[in-house]
$ cat my_file_32.txt   # compact mmCIF, C-alpha atoms
# COMPACT_ATOMS: atom_id res chain seq x y z
CA MET A 1 18.60 -55.01 -56.74
CA ILE A 2 17.40 -54.51 -53.14
CA MET A 3 21.01 -54.07 -51.98
CA ASP A 4 21.63 -51.39 -54.64
CA MET A 5 18.55 -49.47 -53.46
CA LYS A 6 19.82 -49.54 -49.86
CA ILE A 7 23.24 -48.23 -50.91
CA TYR A 8 21.64 -45.46 -52.97
CA SER A 9 19.36 -44.55 -50.03
CA ASN A 10 22.30 -44.31 -47.60
CA VAL A 11 24.28 -42.08 -49.98
CA TRP A 12 21.29 -39.79 -50.50
CA ASN A 13 20.71 -39.51 -46.72
CA LYS A 14 24.34 -38.52 -46.11
CA LYS A 15 24.17 -35.79 -48.79
CA MET A 16 20.96 -34.41 -47.28
CA MET A 17 22.47 -34.37 -43.79
CA ARG A 18 25.51 -32.41 -45.06
CA ARG A 19 23.21 -29.88 -46.80
CA MET A 20 21.03 -29.48 -43.71
CA GLY A 21 24.15 -28.94 -41.56
CA ARG A 22 25.43 -26.18 -43.88
CA LEU A 23 21.95 -24.56 -43.84
CA ALA A 24 21.78 -24.60 -40.02
CA PHE A 25 25.24 -23.03 -39.83
CA LEU A 26 24.22 -20.24 -42.21
CA ILE A 27 21.01 -19.55 -40.23
CA PHE A 28 22.95 -19.44 -36.93
CA SER A 29 25.61 -17.13 -38.42
CA PHE A 30 23.01 -14.76 -39.86
CA SER A 31 20.99 -14.59 -36.62
CA HIS A 32 24.18 -13.95 -34.63
CA PHE A 33 25.03 -11.13 -37.03
CA LEU A 34 21.60 -9.58 -36.54
CA ILE A 35 21.94 -9.68 -32.74
CA SER A 36 25.45 -8.31 -32.68
CA THR A 37 24.61 -5.43 -35.03
CA ALA A 38 21.25 -4.52 -33.45
CA GLY A 39 20.96 -1.15 -31.63
CA ALA A 40 23.85 -0.22 -29.42
CA GLN A 41 21.51 0.47 -26.48
CA ALA A 42 18.86 -2.27 -26.26
CA VAL A 43 20.23 -5.76 -25.57
CA SER A 44 18.17 -8.46 -27.23
CA THR A 45 19.48 -11.18 -24.92
CA PRO A 46 19.72 -10.34 -21.19
CA MET A 47 23.34 -9.98 -20.09
CA LYS A 48 25.06 -9.78 -16.73
CA ALA A 49 24.53 -6.30 -15.32
CA GLY A 50 27.43 -4.11 -14.24
CA ARG A 51 30.44 -2.25 -15.56
CA THR A 52 32.00 -3.29 -18.84
CA ALA A 53 35.09 -2.10 -20.66
CA GLU A 54 32.93 0.30 -22.70
CA GLY A 55 30.25 1.32 -20.20
CA VAL A 56 27.40 -0.23 -18.21
CA VAL A 57 24.82 -2.97 -18.72
CA TYR A 58 21.66 -2.43 -16.67
CA PHE A 59 18.01 -3.40 -16.34
CA LEU A 60 14.86 -1.38 -15.73
CA PRO A 61 12.29 -2.59 -13.21
CA LYS A 62 8.72 -3.68 -13.44
CA THR A 63 6.42 -2.84 -10.57
CA ALA A 64 5.23 -5.47 -8.11
CA ILE A 65 2.43 -4.94 -5.59
CA ARG A 66 2.91 -6.03 -1.98
CA PHE A 67 -0.14 -6.83 0.10
CA ASN A 68 0.65 -6.46 3.81
CA LEU A 69 -1.98 -8.59 5.52
CA LEU A 70 -2.67 -8.54 9.24
CA VAL A 71 -4.06 -11.99 9.96
CA GLU A 72 -5.81 -12.53 13.28
CA LYS A 73 -5.85 -15.94 14.92
CA LYS A 74 -8.69 -16.25 17.42
CA THR A 75 -8.56 -19.13 19.89
CA TYR A 76 -11.57 -19.95 22.02
CA THR A 77 -11.02 -22.15 25.08
CA PRO A 78 -14.18 -23.41 26.82
CA GLY A 79 -14.56 -22.81 30.56
CA GLU A 80 -14.38 -25.63 33.10
CA TYR A 81 -18.06 -25.15 33.94
CA ALA A 82 -19.25 -24.59 30.36
CA LYS A 83 -21.84 -27.35 30.55
CA TYR A 84 -23.45 -25.65 33.56
CA ALA A 85 -23.71 -22.20 31.95
CA GLU A 86 -27.32 -22.62 30.90
CA LYS A 87 -28.43 -24.26 34.17
CA TYR A 88 -26.95 -21.72 36.57
CA LEU A 89 -26.57 -18.54 34.48
CA GLY A 90 -29.25 -19.01 31.83
CA MET A 91 -26.64 -18.73 29.05
CA THR A 92 -27.34 -20.66 25.85
CA GLY A 93 -25.11 -21.47 22.89
CA ILE A 94 -21.91 -21.75 24.95
CA GLU A 95 -19.38 -23.78 22.95
CA GLN A 96 -18.04 -26.88 24.64
CA GLU A 97 -15.03 -27.47 22.36
CA GLU A 98 -11.93 -25.44 21.60
CA GLN A 99 -12.15 -23.45 18.36
CA VAL A 100 -9.46 -21.73 16.29
CA THR A 101 -10.45 -19.32 13.51
CA TYR A 102 -8.46 -17.00 11.23
CA SER A 103 -9.50 -13.75 9.59
CA VAL A 104 -7.88 -10.86 7.73
CA ALA A 105 -8.08 -7.99 10.22
CA SER A 106 -6.68 -5.32 7.88
CA TYR A 107 -4.38 -4.80 4.92
CA ASN A 108 -2.47 -2.17 2.99
CA ILE A 109 -0.57 -2.14 -0.29
CA SER A 110 2.87 -0.90 -1.28
CA GLN A 111 5.05 -1.10 -4.39
CA ILE A 112 8.48 -2.54 -5.04
CA GLY A 113 10.57 -2.88 -8.19
CA VAL A 114 11.75 -6.21 -9.57
CA ARG A 115 14.12 -6.72 -12.48
CA ASP A 116 12.43 -6.77 -15.87
CA THR A 117 14.55 -9.12 -18.00
CA SER A 118 12.86 -7.80 -21.15
CA LYS A 119 14.39 -4.37 -20.51
CA CYS A 120 18.14 -4.91 -20.59
CA TYR A 121 20.26 -2.05 -21.93
CA SER A 122 23.89 -1.28 -22.58
CA VAL A 123 25.26 2.26 -22.55
CA GLU A 124 28.69 3.35 -23.74
CA LEU A 125 30.06 6.04 -21.44
CA LYS A 126 31.91 8.92 -23.14
CA GLY A 127 32.87 12.48 -22.28
CA LYS A 128 31.72 13.63 -18.84
CA SER A 129 29.85 10.36 -18.33
CA GLU A 130 33.02 8.26 -18.71
CA THR A 131 33.63 8.38 -14.95
CA ALA A 132 29.96 8.47 -13.99
CA ASP A 133 29.02 6.78 -10.72
CA VAL A 134 26.24 4.45 -11.87
CA LYS A 135 24.32 2.84 -8.99
CA LEU A 136 22.66 -0.50 -9.61
CA SER A 137 20.64 -2.71 -7.27
CA GLU A 138 21.88 -6.18 -6.34
CA ASP A 139 19.99 -7.65 -9.30
CA GLY A 140 21.26 -5.00 -11.75
CA VAL A 141 18.38 -2.51 -11.84
CA LEU A 142 19.41 1.09 -12.58
CA LEU A 143 18.84 3.26 -9.48
CA ALA A 144 20.89 6.43 -9.85
CA ILE A 145 23.70 8.18 -11.72
CA ASN A 146 26.10 10.46 -9.82
CA ASP A 147 23.62 10.52 -6.95
CA GLU A 148 22.33 8.47 -4.03
CA PRO A 149 19.50 6.05 -4.86
CA ALA A 150 16.03 7.03 -3.69
CA LYS A 151 14.79 5.15 -0.65
CA LEU A 152 11.81 2.90 -1.21
CA LYS A 153 8.91 3.84 1.04
CA LEU A 154 7.54 0.69 2.64
CA PRO A 155 5.21 0.29 5.62
CA GLU A 156 6.85 -0.23 8.99
CA PRO A 157 6.88 -3.90 10.03
CA PHE A 158 3.93 -4.81 12.20
CA GLN A 159 4.66 -4.81 15.92
CA PRO A 160 2.11 -6.81 17.94
CA ALA A 161 0.85 -5.21 21.11
CA ALA A 162 1.88 -6.69 24.44
CA LYS A 163 -0.50 -9.39 25.56
CA PRO A 164 -2.42 -8.76 28.79
CA ALA A 165 -1.46 -10.91 31.74
CA VAL A 166 -3.41 -14.16 31.96
CA ILE A 167 -5.73 -14.13 34.97
CA ASN A 168 -6.31 -17.35 36.88
CA PRO A 169 -10.00 -17.29 37.91
CA HIS A 170 -9.46 -19.86 40.64
CA GLN A 171 -7.59 -17.30 42.72
CA TYR A 172 -10.91 -15.49 43.27
CA GLN A 173 -12.82 -18.57 44.38
CA SER A 174 -13.44 -18.98 48.08
CA ASP A 175 -11.93 -21.85 50.05
CA ALA A 176 -15.39 -23.38 50.34
CA VAL A 177 -15.77 -23.48 46.55
CA ARG A 178 -12.37 -25.05 46.01
CA SER A 179 -13.07 -27.75 48.59
CA ALA A 180 -16.48 -28.68 47.16
CA GLY A 181 -16.71 -32.37 46.32
CA SER A 182 -18.06 -32.17 42.76
CA MET A 183 -17.67 -29.89 39.76
CA ALA A 184 -21.42 -29.29 39.70
CA LYS A 185 -21.29 -28.06 43.29
CA GLN A 186 -18.26 -25.87 42.51
CA ALA A 187 -20.15 -24.34 39.60
CA GLU A 188 -23.22 -23.64 41.76
CA MET A 189 -21.15 -22.03 44.53
CA THR A 190 -19.18 -19.96 41.98
CA VAL A 191 -22.44 -18.56 40.65
CA ASN A 192 -23.36 -17.54 44.21
CA GLN A 193 -20.02 -15.68 44.42
CA ILE A 194 -20.77 -13.89 41.16
CA LEU A 195 -24.18 -12.82 42.44
CA GLU A 196 -22.65 -11.57 45.71
CA LEU A 197 -20.14 -9.50 43.75
CA GLN A 198 -22.93 -7.98 41.64
CA GLU A 199 -24.89 -7.08 44.78
CA HIS A 200 -21.84 -5.53 46.43
CA ARG A 201 -21.16 -3.47 43.29
CA GLN A 202 -24.72 -2.15 43.29
CA GLN A 203 -24.48 -1.20 46.97
CA LEU A 204 -21.27 0.75 46.31
CA ILE A 205 -22.91 2.65 43.46
CA THR A 206 -25.98 3.52 45.58
CA GLY A 207 -23.91 4.32 48.69
CA GLU A 208 -25.49 1.57 50.76
CA ALA A 209 -22.39 -0.63 51.22
CA ASP A 210 -20.98 -1.16 54.70
CA ASP A 211 -17.45 -0.58 53.38
CA MET A 212 -18.08 2.68 51.55
CA PRO A 213 -14.75 4.35 50.65
CA GLN A 214 -13.76 7.87 51.73
CA ASP A 215 -13.23 9.36 48.25
CA GLU A 216 -14.30 8.91 44.64
CA ASN A 217 -10.98 7.50 43.45
CA GLN A 218 -11.14 4.74 46.06
CA LEU A 219 -14.71 3.99 45.03
CA ARG A 220 -13.70 3.69 41.38
CA TYR A 221 -10.86 1.35 42.30
CA MET A 222 -13.14 -0.92 44.35
CA ILE A 223 -15.66 -1.16 41.50
CA GLU A 224 -12.86 -2.01 39.02
CA GLN A 225 -11.64 -4.81 41.29
CA ILE A 226 -15.15 -6.22 41.64
CA ASP A 227 -15.59 -6.17 37.84
CA LYS A 228 -12.25 -7.93 37.41
CA GLN A 229 -13.20 -10.72 39.82
CA ARG A 230 -16.70 -11.10 38.38
CA GLU A 231 -15.36 -11.33 34.80
CA ALA A 232 -12.74 -13.90 35.80
CA LEU A 233 -15.27 -16.12 37.60
CA THR A 234 -17.77 -15.81 34.72
CA SER A 235 -15.08 -17.02 32.28
CA LEU A 236 -15.23 -20.40 34.03
CA PHE A 237 -18.63 -20.74 32.32
CA THR A 238 -18.28 -18.69 29.14
CA GLY A 239 -14.68 -19.62 28.32
CA THR A 240 -11.89 -17.32 27.15
CA THR A 241 -10.86 -15.98 23.74
CA THR A 242 -7.29 -14.98 22.89
CA ARG A 243 -6.20 -13.12 19.77
CA ASP A 244 -2.83 -13.27 18.04
CA THR A 245 -2.12 -11.04 15.05
CA THR A 246 0.68 -11.69 12.57
CA GLU A 247 1.73 -9.95 9.38
CA GLN A 248 1.94 -11.83 6.12
CA ILE A 249 3.15 -10.34 2.85
CA ILE A 250 1.95 -11.49 -0.56
CA THR A 251 3.65 -10.04 -3.65
CA VAL A 252 1.92 -9.89 -7.04
CA CYS A 253 3.44 -8.58 -10.27
CA PRO A 254 0.64 -7.87 -12.78
CA GLU A 255 1.70 -8.12 -16.41
CA LYS A 256 -1.61 -7.34 -18.11
CA GLU A 257 -5.23 -6.52 -17.46
CA VAL A 258 -7.06 -9.25 -15.53
CA GLN A 259 -10.53 -9.72 -14.12
CA ARG A 260 -10.86 -11.25 -10.63
CA GLU A 261 -7.65 -13.23 -10.53
CA VAL A 262 -7.13 -15.18 -7.29
CA ILE A 263 -4.12 -13.86 -5.36
CA PHE A 264 -4.54 -15.84 -2.14
CA ARG A 265 -7.07 -17.81 -0.14
CA LEU A 266 -7.98 -17.80 3.55
CA ASN A 267 -8.88 -21.02 5.32
CA LYS A 268 -10.74 -20.16 8.52
CA LYS A 269 -9.06 -23.01 10.39
CA LEU A 270 -5.58 -22.85 8.84
CA GLY A 271 -5.02 -19.20 7.89
CA ILE A 272 -3.52 -18.07 4.57
CA VAL A 273 -3.23 -20.94 2.11
CA ASP A 274 -2.03 -21.21 -1.48
CA LYS A 275 -4.23 -19.62 -4.11
CA ASP A 276 -4.81 -23.07 -5.65
CA ASP A 277 -6.04 -24.53 -2.34
CA LEU A 278 -9.82 -24.70 -2.78
CA SER A 279 -10.34 -25.14 0.97
CA GLY A 280 -9.84 -21.39 1.43
CA ILE A 281 -12.06 -18.39 0.74
CA PRO A 282 -10.72 -16.66 -2.40
CA TYR A 283 -9.41 -13.10 -2.47
CA TYR A 284 -9.33 -11.68 -6.00
CA MET A 285 -7.59 -8.79 -7.72
CA SER A 286 -8.66 -7.07 -10.92
CA VAL A 287 -6.21 -4.94 -12.94
CA GLU A 288 -7.45 -2.23 -15.30
CA ASP A 289 -5.06 -0.34 -17.58
CA MET A 290 -6.05 3.34 -17.44
CA HIS A 291 -3.87 4.09 -20.52
CA ARG A 292 -2.40 7.15 -18.84
CA THR A 293 1.17 8.02 -18.00
CA ASN A 294 2.82 10.65 -15.82
CA SER A 295 4.55 12.39 -18.75
CA GLN A 296 4.48 12.65 -22.55
CA LYS A 297 6.75 10.66 -24.80
CA TYR A 298 9.23 12.70 -26.80
CA GLY A 299 11.66 11.85 -29.56
CA THR A 300 15.44 12.00 -29.36
CA ALA A 301 17.60 12.95 -32.29
CA GLU A 302 19.67 10.09 -33.65
CA ASN A 303 22.95 11.81 -32.88
CA LYS A 304 21.93 12.21 -29.22
CA LYS A 305 21.09 8.57 -28.54
CA ASP A 306 24.70 7.58 -28.02
CA GLY A 307 25.45 7.59 -24.29
CA GLY A 308 21.83 8.14 -23.24
CA PHE A 309 20.02 6.19 -20.55
CA TYR A 310 16.67 4.50 -21.04
CA VAL A 311 14.08 5.02 -18.28
CA ASN A 312 10.51 3.92 -17.69
CA VAL A 313 7.48 6.13 -18.18
CA PRO A 314 5.07 4.10 -16.04
CA GLY A 315 1.41 3.67 -16.89
CA ARG A 316 -1.46 4.15 -14.50
CA VAL A 317 -3.44 1.06 -13.50
CA ARG A 318 -6.41 0.53 -11.20
CA LEU A 319 -6.26 -2.37 -8.76
CA THR A 320 -9.48 -3.64 -7.19
CA LEU A 321 -9.48 -6.20 -4.38
CA PHE A 322 -12.40 -8.56 -3.67
CA ARG A 323 -13.24 -11.08 -0.96
CA GLU A 324 -15.51 -13.52 -2.75
CA GLN A 325 -18.20 -11.16 -4.15
CA GLN A 326 -17.48 -8.25 -1.77
CA GLN A 327 -15.33 -5.37 -3.05
CA LEU A 328 -12.79 -4.42 -0.39
CA GLY A 329 -11.07 -1.47 -2.04
CA SER A 330 -9.75 0.11 -5.23
CA PHE A 331 -6.35 1.77 -5.76
CA ASP A 332 -4.73 3.70 -8.60
CA VAL A 333 -0.97 3.14 -8.93
CA TYR A 334 1.74 3.59 -11.56
CA ALA A 335 3.52 0.49 -12.88
CA GLY A 336 6.58 0.39 -15.13
CA GLN A 337 5.39 -2.54 -17.23
CA PHE A 338 2.20 -0.71 -18.28
CA GLY A 339 3.87 2.37 -19.72
CA PHE A 340 6.71 2.73 -22.20
CA VAL A 341 10.45 3.36 -22.29
CA GLU A 342 12.04 6.66 -23.28
CA LEU A 343 15.63 7.75 -23.78
CA ARG A 344 17.19 10.53 -21.76
CA SER A 345 19.49 12.23 -24.27
CA GLY A 346 23.13 11.22 -24.27
CA ALA A 347 24.17 14.83 -24.97
CA LEU A 348 23.15 15.76 -21.43
CA PHE A 349 25.38 13.10 -19.85
CA LYS A 350 28.38 13.57 -22.17
CA ARG A 351 28.61 17.37 -21.92
CA TYR A 352 27.82 17.81 -18.22
CA ILE A 353 28.12 15.94 -14.95
CA THR A 354 24.49 14.93 -14.69
CA HIS A 355 22.74 13.64 -11.56
CA MET A 356 19.71 11.40 -11.96
CA THR A 357 17.73 9.23 -9.56
CA LEU A 358 15.03 6.78 -10.55
CA ASN A 359 12.00 5.66 -8.64
CA PRO A 360 13.05 2.19 -7.41
CA ALA A 361 9.51 0.82 -7.77
CA THR A 362 8.57 2.16 -11.21
CA GLY A 363 11.88 3.03 -12.93
CA SER A 364 10.72 6.57 -13.73
CA VAL A 365 12.89 9.65 -13.19
CA ASP A 366 12.42 11.07 -9.71
CA LYS A 367 14.85 13.93 -10.26
CA ILE A 368 17.51 14.97 -12.78
CA HIS A 369 19.81 17.95 -12.99
CA ALA A 370 23.15 18.80 -14.58
CA ASP A 371 26.09 20.81 -13.27
CA MET A 372 26.15 23.38 -16.06
CA ASN A 373 29.42 24.96 -14.86
CA THR A 374 31.29 21.72 -15.52
CA LYS A 375 30.86 21.82 -19.28
$ encode --input "my_file_32.txt" --output "structure tokens"
Amino acid sequence: MIMDMKIYSNVWNKKMMRRMGRLAFLIFSFSHFLISTAGAQAVSTPMKAGRTAEGVVYFLPKTAIRFNLLVEKKTYTPGEYAKYAEKYLGMTGIEQEEQVTYSVASYNISQIGVRDTSKCYSVELKGKSETADVKLSEDGVLLAINDEPAKLKLPEPFQPAAKPAVINPHQYQSDAVRSAGSMAKQAEMTVNQILELQEHRQQLITGEADDMPQDENQLRYMIEQIDKQREALTSLFTGTTTRDTTEQIITVCPEKEVQREVIFRLNKKLGIVDKDDLSGIPYYMSVEDMHRTNSQKYGTAENKKDGGFYVNVPGRVRLTLFREQQQLGSFDVYAGQFGFVELRSGALFKRYITHMTLNPATGSVDKIHADMNTK
């Protein structure tokens, strides 16, 4: 009896498996039919962009925000006589150890376009558009038709200023100072040199110096040289600080409204760190959809859709940047992913040689015109 039940169970399982297989095949066939017969323009599954036998497959962009950060690295090196600064010069709080700190000196924002895989379209080229010169980016984003693509306006790369020559303070020390037997004695004698320089400077200003120059330009030069020597010798006590500025770029592509989302962090000892690194001070960005576009949506007659090109009508968003609780700035920009898509009528492209360029950052139409005499 038990054996009969097992045989019956196996037979029933095989029948169910065959039925489930036929059902899966029917579902797959029906879904494939729906995809293949969906609109001739929108492509439900992203395809490889470029020319096809019938026309062109292309993408529209979404707008990414680039933060160009100028990050300053400040390096403090203590002077050789730092521990004598308070004793001989009355200076307190002079650091005795090397310190390296980072800060964001300045920033600006710019926009770039990145491929939006949810906006893949196929257009069949007919009539005047059959030989259209369709320009796509390397990743398949539509840039222009029968025209040169618009150039993306980005900030010039940061060029650091030339560093000043490093001054060796020992070259201004007298032979007696350099030959002193101890560092404490060298420090004391260096202070005497600094005081002598200050006195000489004052005598030049008041006209009481024995080596008074003949003209004002010579006087100015002598005072500058005294200041240079005095500053160099003082650095043996106060130390020196050097600054190096580098540019770092962080790209963010907002997809929806957000409140105070961390975009990067700054560690004072390491510089820019990952946004998930809690050792750094957070920099936040908020995104507010203003629900405004730069044009009005209009309908296109059904018989004019064939051969038309879809373009973005970007929406206006407000970006606000924070450092911890401090608001650093607010910017209004247009972004392709916050607007909608409209169709530029196929009749225009089929009847005339039409020139159109898109904004490479937003996917909106920068300019469009048709050669009416080529009808």
$ atom_distance --input "my_file_32.txt" --atom1 "CA of Val166 (chain A)" --atom2 "CA of Leu270 (chain A)"
24.8 Å
$ closest_residue --input "my_file_32.txt" --among "A:Thr245, A:Ser137, A:Thr75, A:Gln111" --to "Phe158 (chain A)" --atoms "all atoms listed in the file"
A:Thr245
$ closest_atom_pairs --input "my_file_32.txt" --of "region 268-296 of chain A" --to "region 316-336 of chain A" --cutoff "8 Å" --atoms "only C-alpha atoms" --output "CSV"
residue,atom,partner,partner_atom,distance
A:Ile281,CA,A:Glu324,CA,6.9
A:Pro282,CA,A:Glu324,CA,5.7
A:Tyr283,CA,A:Arg323,CA,4.6
A:Tyr284,CA,A:Phe322,CA,5.0
A:Met285,CA,A:Leu321,CA,4.6
A:Ser286,CA,A:Thr320,CA,5.1
A:Val287,CA,A:Leu319,CA,4.9
A:Glu288,CA,A:Arg318,CA,5.1
A:Asp289,CA,A:Val317,CA,4.6
A:Met290,CA,A:Val317,CA,5.2
A:His291,CA,A:Arg316,CA,6.5
A:Arg292,CA,A:Arg316,CA,5.4
A:Thr293,CA,A:Arg316,CA,5.8
A:Asn294,CA,A:Arg316,CA,7.9
$ residues_around --input "my_file_32.txt" --residues "Leu70 (chain A)" --least-positions-apart "4" --cutoff "6 Å" --atoms "all atoms listed in the file" --output "list in words"
Val104, Ala105, Ser106, Tyr107, Thr246 and Glu247 of chain A
$ closest_residue --input "my_file_32.txt" --among "A:Thr357, A:Phe237, A:Asp274, A:Leu266" --to "Met183 (chain A)" --atoms "all atoms listed in the file"
A:Phe237
$ atom_distance --input "my_file_32.txt" --atom1 "CA of Pro155 (chain A)" --atom2 "CA of Phe67 (chain A)"
10.5 Å
$ residues_around --input "my_file_32.txt" --residues "Pro78 (chain A)" --least-positions-apart "5" --cutoff "9 Å" --atoms "all atoms listed in the file" --output "PyMOL selection string"
chain A and resi 94-99+235-241
$ atom_distance --input "my_file_32.txt" --atom1 "CA of Val311 (chain A)" --atom2 "CA of Asn108 (chain A)"
27.9 Å
$ residues_around --input "my_file_32.txt" --residues "Pro213 (chain A)" --least-positions-apart "6" --cutoff "9 Å" --atoms "all atoms listed in the file" --output "list in words"
Leu204, Leu219 and Met222 of chain A
$ closest_residue --input "my_file_32.txt" --among "A:Leu195, A:Met189, A:Val177, A:Leu143" --to "His355 (chain A)" --atoms "only C-alpha atoms"
A:Leu143
$ residues_near_point --input "my_file_32.txt" --point "(-25.1, -28.8, 32.6)" --cutoff "12 Å" --atoms "all atoms listed in the file" --output "PyMOL selection string"
chain A and resi 80-92+94+96+183-185+187-188+237
$ residues_near_point --input "my_file_32.txt" --point "(11.9, 5.7, -18.3)" --cutoff "7 Å" --atoms "all atoms listed in the file" --output "PyMOL selection string"
chain A and resi 310-313+341-343+363-365
$ axis_aligned_box --input "my_file_32.txt" --around "region 271-283 of chain A" --padding-each-side "6 Å" --output "lines of an AutoDock Vina configuration file"
center_x = -7.0
center_y = -19.1
center_z = 1.1
size_x = 22.0
size_y = 24.0
size_z = 25.5
$ residues_around --input "my_file_32.txt" --residues "Gly113 (chain A)" --least-positions-apart "5" --cutoff "6 Å" --atoms "only C-alpha atoms" --output "ChimeraX atom specification"
/A:61-64,360-361
$ closest_residue --input "my_file_32.txt" --among "A:Ile250, A:Cys120, A:Leu358, A:Leu69" --to "Val57 (chain A)" --atoms "all atoms listed in the file"
A:Cys120
